[in-house]
Amino acid sequence: MGGFKKLFFLLVLCLAALTSAKDLNIAPGSYPLDISKYDFIDTTQNVLLFPNGNSAFEPFFKKMDTLVFENRGQVRIMHIGGSHLQADVISGRIREHLIKEYPGANAGRGFIFPYSAAKTNTPSTYGSYYKGIWDMSKNVLREVKKPLGVLGIAVSTSDPRAEISILLDRYNNEPMWGETKFRLFGYSDNGDVLPVLRVDSTDIYGVLDSASQSYLFTSPRPIDSIQIQFRWIDSLQQATVASFIADSLVLDSIARANADSTQADSAKASGDSAKSNADAPKKATIPQNIALPDPSNVALDSMFQGECDVLDTACLAQEEAANNKMIDGALAAAANDSAATDSTLLDSAVVDSAALVKRARPRFTLTGILSETDNPGITYTSVGINGARVPNYYKEVCPRIENELQFYKPDLIIFAIGINDANVEHFDAKGFSANYDTLITRFKAINPNVAFIFETNNDMYRKVKKRRYVQHPNGELARQAFFATAQKHKAAVWDKFSIMGGLGSMAKWEKADLAKGDKVHFKLAGYNLLGDMFYKAFINAYMEHIANLPAQEPVAPPPQPAKAEPAAKSAQKQSAAQPTSTK
């Protein structure tokens with residue numbers, strides 16, 4: 001496709017995205033949303049503002065040009081924030097626009113994570129499932145036990161049954177993803193656990209990059225479902241521990257059933273000592289053909305509920321301690337049975353099994369998965385942890401960011417961190433801006449040409465009593481700090497605070513059924529509306545860049561070589577050209 005045709009094609013797609021609400025259904029990837037009925041929304045503010053000019057965006061725009069006009073290269077965008085971004089609703093909407101309104105420009109899903117294994121809400125755009133017992137560490141906790149990466153969260157397990165699955169198209173009406181490369185970031189404490197990608201019942205082992213502590217998996221075909229199992233180097237120990245856990249769970253289930261049965265029957269039998277022994281309480285038995293459920297293997301796939309999730313890690317520690325206690329009980333019972341039957345057995349199979357189980361269990365820690373393809377296109381990844389503030393992404397908390405982003409150097413970063421920083425009684429605007437300076441310096445070290453967009457905070461209310469909320473004036477103070485920081489770093493600003501309607505507007509969004517009752521988070525319709533508006537502002541800015549491109553001189557066609565003429569015709573021309581003699 002020629003340059004003019006490609007430009008025309010892009011213009012058609014972009015103009016379609018900018019049409020009025022009644023016409024949105026004619027554009028691919030557009031959504032029928034009539035903003036005109038929300039008179040409190042200031043759509044005139046829905047632009048990208050450049051307080052210090054847009055010169056810092058030239059490298060990003062040029063990469064977009066190369067992709068659009070030449071179909072070469074990949075453009076990487078990262079959107080980072082708190083609970084709004086962990087839910088991945090507003091960012092998911094923007095991603096859909098980019099994929100559906102520029103067909104064929106999908107270069108992969110980006111960073112993903114099994115949030116269900118961490119007992120927190122999975123982003124709304126994919127499904128997350130797990131098996132086994134996992135513990136969690138994330139950047140908002142007072143004590144961060146694991147070195148974290150760009151996602152700000154990690155899960156760790158020593159369970160031999162551990163497994164994670166991520167379904168990228170879980171909630172899509174039509175398949176959107178077909179990934180071929182997966183880089184799993186994680187490590188085994190002693191190098192005794194290997195992650196394995198399962199595709200079509202085939203084990204695919206990754207290529208270890210020890211410097212970044214990551215494993216690169218290449219799928220034999222494009223896939224949208226990721227299943228990772230964790231294999232111990234000592235397969236015998238893994239099988240033995242898994243068997244003891246399974247047996248212990250069965251014994252524990254029987255014991256619970258017996259206890260419940262005994263308690264119920266004892267209540268009935270109280271005061272009736274004349275009953276015969278035949279009517280005495282009987283122990284419950286489990287039929288052999290009934291498979292008992294494993295409660296630790298129940299998959300969790302929670303959607304965003306609008307409340308910041310805080311995991312009590314002590315609960316997981318108690319769960320694993322209880323599991324170890326069951327194993328110890330099973331070992332003791334097995335040892336007693338063996339000793340009672342034949343004391344010599346205690347020196348063979350039982351002791352060997354006990355030694356395998358009691359040996360320190362291998363442990364694996366996972367900090368993220370990068371899902372990509374080799375196709376030219378756009379990768380839009382979202383990063384968010386409920387309750388996150390700017391310092392939660394510092395090097396002291398997330399030291400592995402550089403290791404992970406060397407494989408995903410963002411060309412554009414959209415900063416949406418700030419709602420939790422401003423949710424204080426006295427907001428320190430200078431300190432807030434200084435915190436961003438530290439974070440920006442870190443990301444510029446990864447890619448000096450990275451462009452930044454600051455997304456100002458949404459309006460919010462502060463809870464003063466059980467059911468009483470008051471306006472939070474820090475929204476305007478944070479807005480001013482965002483603009484000052486953007487001017488310093490030649491960044492852009494998307495002024496969400498003003499677009500919403502300014503101070504007190506969150507109450508109007510809630511009344512219009514766009515925001516939640518906590519007056520901090522939005523409902524699905526509200527997030528989708530914000531995503532649509534951000535995409536429109538983003539495309540407008542890129543369209544303006546295209547409009548200002550220097551006009552290219554038309555290329556003249558190369559001269560065509562003269563065609564050879566027949567000899568007779570050439571002789572006639574030469575004869576006609578001779579001067580006629582006169583007498």
# chains A, B, ... in the order shown; residues from 1 in each chain; ligands from 1
>>> residues_around(residues="A:Leu216", least_positions_apart="5", cutoff="12 Å", atoms="only C-alpha atoms", output="list in words")
Thr180, Lys181, Phe182, Arg183, Leu184, Phe185, Gly186, Pro195, Val196, Leu197, Ile204, Tyr205, Gly206, Val207, Leu208, Asp209, Ser210, Ile369, Leu370, Ser371, Glu372 and Phe407 of chain A
>>> residues_around(residues="stretch 47-55 of chain A", least_positions_apart="4", cutoff="6 Å", atoms="only C-alpha atoms", output="number ranges by chain")
A: 487, 490, 492-494, 537
>>> closest_residue(among="A:Arg142, A:Arg361, A:His84, A:Lys409", to="A:Asn392", atoms="only C-alpha atoms")
A:Arg142
>>> residues_around(residues="A:Lys519", least_positions_apart="5", cutoff="7 Å", atoms="only C-alpha atoms", output="PyMOL selection string")
chain A and resi 460-461+506
>>> residues_around(residues="A:Lys146", least_positions_apart="4", cutoff="10 Å", atoms="only C-alpha atoms", output="ChimeraX atom specification")
/A:136-139,153-156,365-367,397-399
>>> closest_atom_pairs(of="stretch 83-161 of chain A", to="stretch 218-227 of chain A", cutoff="12 Å", atoms="only C-alpha atoms", output="CSV")
residue,atom,partner,partner_atom,distance
A:Ala107,CA,A:Pro222,CA,12.0
A:Gly108,CA,A:Asp224,CA,10.2
A:Arg109,CA,A:Asp224,CA,9.7
A:Ile112,CA,A:Ile226,CA,10.5
A:Phe113,CA,A:Ile226,CA,10.8
A:Pro114,CA,A:Ile226,CA,10.4
A:Tyr126,CA,A:Ser225,CA,9.8
A:Gly127,CA,A:Ser225,CA,9.3
A:Ser128,CA,A:Ile226,CA,9.6
A:Tyr129,CA,A:Gln227,CA,9.3
A:Tyr130,CA,A:Gln227,CA,9.4
A:Lys131,CA,A:Gln227,CA,11.0
>>> select_by_dssp(residues="stretch 34-140 of chain A", states="helix (DSSP H, G or I)", output="JSON, numbers by chain")
{"A": [35, 36, 37, 43, 44, 45, 55, 56, 57, 58, 59, 60, 61, 62, 63, 64, 65, 66, 67, 68, 69, 70, 83, 84, 85, 86, 90, 91, 92, 93, 94, 95, 96, 97, 98, 99, 100, 115, 116, 117, 118]}
>>> write_last_selection(atoms="N, CA and C atoms", output="short mmCIF file (atom, residue, chain, number, x, y, z; two decimals), in the first residue's frame")
data_model
loop_
_atom_site.label_atom_id
_atom_site.label_comp_id
_atom_site.auth_asym_id
_atom_site.auth_seq_id
_atom_site.Cartn_x
_atom_site.Cartn_y
_atom_site.Cartn_z
N ILE A 35 -22.21 10.77 25.02
CA ILE A 35 -21.71 11.60 26.11
C ILE A 35 -22.57 12.83 26.32
N SER A 36 -23.35 13.19 25.32
CA SER A 36 -24.13 14.43 25.40
C SER A 36 -25.13 14.42 26.55
N LYS A 37 -25.56 13.24 27.00
CA LYS A 37 -26.54 13.20 28.09
C LYS A 37 -25.91 13.48 29.45
N THR A 43 -16.37 18.13 27.82
CA THR A 43 -15.68 17.50 26.70
C THR A 43 -14.70 18.44 26.01
N THR A 44 -14.84 19.75 26.23
CA THR A 44 -13.88 20.69 25.63
C THR A 44 -12.49 20.51 26.22
N GLN A 45 -12.41 19.89 27.40
CA GLN A 45 -11.12 19.66 28.05
C GLN A 45 -10.47 18.35 27.60
N SER A 55 7.91 18.47 21.80
CA SER A 55 9.16 18.01 21.17
C SER A 55 9.60 16.64 21.70
N ALA A 56 9.32 16.36 22.98
CA ALA A 56 9.72 15.08 23.56
C ALA A 56 8.92 13.92 22.99
N PHE A 57 7.83 14.21 22.27
CA PHE A 57 7.01 13.15 21.68
C PHE A 57 7.46 12.78 20.28
N GLU A 58 8.42 13.49 19.69
CA GLU A 58 8.85 13.21 18.32
C GLU A 58 9.35 11.78 18.13
N PRO A 59 10.20 11.24 19.04
CA PRO A 59 10.62 9.84 18.86
C PRO A 59 9.46 8.86 18.87
N PHE A 60 8.49 9.09 19.77
CA PHE A 60 7.32 8.21 19.81
C PHE A 60 6.49 8.34 18.54
N PHE A 61 6.23 9.57 18.11
CA PHE A 61 5.43 9.77 16.90
C PHE A 61 6.12 9.17 15.67
N LYS A 62 7.44 9.25 15.62
CA LYS A 62 8.16 8.68 14.47
C LYS A 62 8.04 7.15 14.45
N LYS A 63 8.06 6.53 15.62
CA LYS A 63 7.86 5.08 15.65
C LYS A 63 6.45 4.73 15.21
N MET A 64 5.49 5.56 15.60
CA MET A 64 4.12 5.34 15.12
C MET A 64 4.06 5.49 13.60
N ASP A 65 4.75 6.50 13.05
CA ASP A 65 4.76 6.72 11.60
C ASP A 65 5.34 5.51 10.87
N THR A 66 6.44 4.99 11.41
CA THR A 66 7.08 3.83 10.77
C THR A 66 6.14 2.64 10.74
N LEU A 67 5.39 2.45 11.83
CA LEU A 67 4.44 1.35 11.90
C LEU A 67 3.28 1.58 10.94
N VAL A 68 2.73 2.79 10.94
CA VAL A 68 1.53 3.08 10.16
C VAL A 68 1.82 3.10 8.67
N PHE A 69 2.89 3.79 8.27
CA PHE A 69 3.14 4.00 6.85
C PHE A 69 4.01 2.92 6.21
N GLU A 70 4.82 2.23 7.02
CA GLU A 70 5.73 1.24 6.45
C GLU A 70 5.48 -0.17 6.99
N SER A 83 -5.42 1.06 41.79
CA SER A 83 -6.55 0.13 41.65
C SER A 83 -7.29 0.33 40.34
N HIS A 84 -7.34 1.56 39.80
CA HIS A 84 -7.98 1.77 38.50
C HIS A 84 -7.30 0.93 37.41
N LEU A 85 -6.00 0.75 37.55
CA LEU A 85 -5.24 0.03 36.52
C LEU A 85 -5.18 -1.47 36.81
N GLN A 86 -5.19 -1.89 38.08
CA GLN A 86 -5.22 -3.33 38.35
C GLN A 86 -6.51 -3.92 37.80
N ILE A 90 -10.40 0.78 32.26
CA ILE A 90 -10.12 1.94 31.42
C ILE A 90 -8.97 1.63 30.45
N SER A 91 -7.92 0.98 30.94
CA SER A 91 -6.80 0.63 30.07
C SER A 91 -7.20 -0.46 29.08
N GLY A 92 -8.07 -1.38 29.51
CA GLY A 92 -8.55 -2.40 28.59
C GLY A 92 -9.35 -1.81 27.45
N ARG A 93 -10.11 -0.76 27.74
CA ARG A 93 -10.89 -0.09 26.71
C ARG A 93 -9.97 0.58 25.68
N ILE A 94 -8.93 1.24 26.16
CA ILE A 94 -7.98 1.89 25.26
C ILE A 94 -7.29 0.84 24.39
N ARG A 95 -6.92 -0.28 24.99
CA ARG A 95 -6.26 -1.36 24.25
C ARG A 95 -7.17 -1.89 23.14
N GLU A 96 -8.45 -2.05 23.46
CA GLU A 96 -9.39 -2.53 22.44
C GLU A 96 -9.46 -1.56 21.26
N HIS A 97 -9.50 -0.28 21.55
CA HIS A 97 -9.53 0.71 20.46
C HIS A 97 -8.31 0.55 19.56
N LEU A 98 -7.14 0.45 20.17
CA LEU A 98 -5.91 0.36 19.39
C LEU A 98 -5.88 -0.88 18.52
N ILE A 99 -6.41 -1.98 19.02
CA ILE A 99 -6.37 -3.24 18.28
C ILE A 99 -7.45 -3.29 17.21
N LYS A 100 -8.67 -2.87 17.58
CA LYS A 100 -9.79 -3.02 16.65
C LYS A 100 -9.85 -1.91 15.60
N TYR A 115 -3.01 -13.18 39.11
CA TYR A 115 -3.43 -12.46 40.32
C TYR A 115 -4.27 -13.33 41.25
N SER A 116 -4.97 -14.31 40.70
CA SER A 116 -5.78 -15.17 41.56
C SER A 116 -4.92 -15.93 42.57
N ALA A 117 -3.70 -16.31 42.16
CA ALA A 117 -2.81 -17.01 43.08
C ALA A 117 -2.37 -16.11 44.22
N ALA A 118 -2.45 -14.80 44.02
CA ALA A 118 -2.11 -13.83 45.07
C ALA A 118 -3.33 -13.43 45.87
#
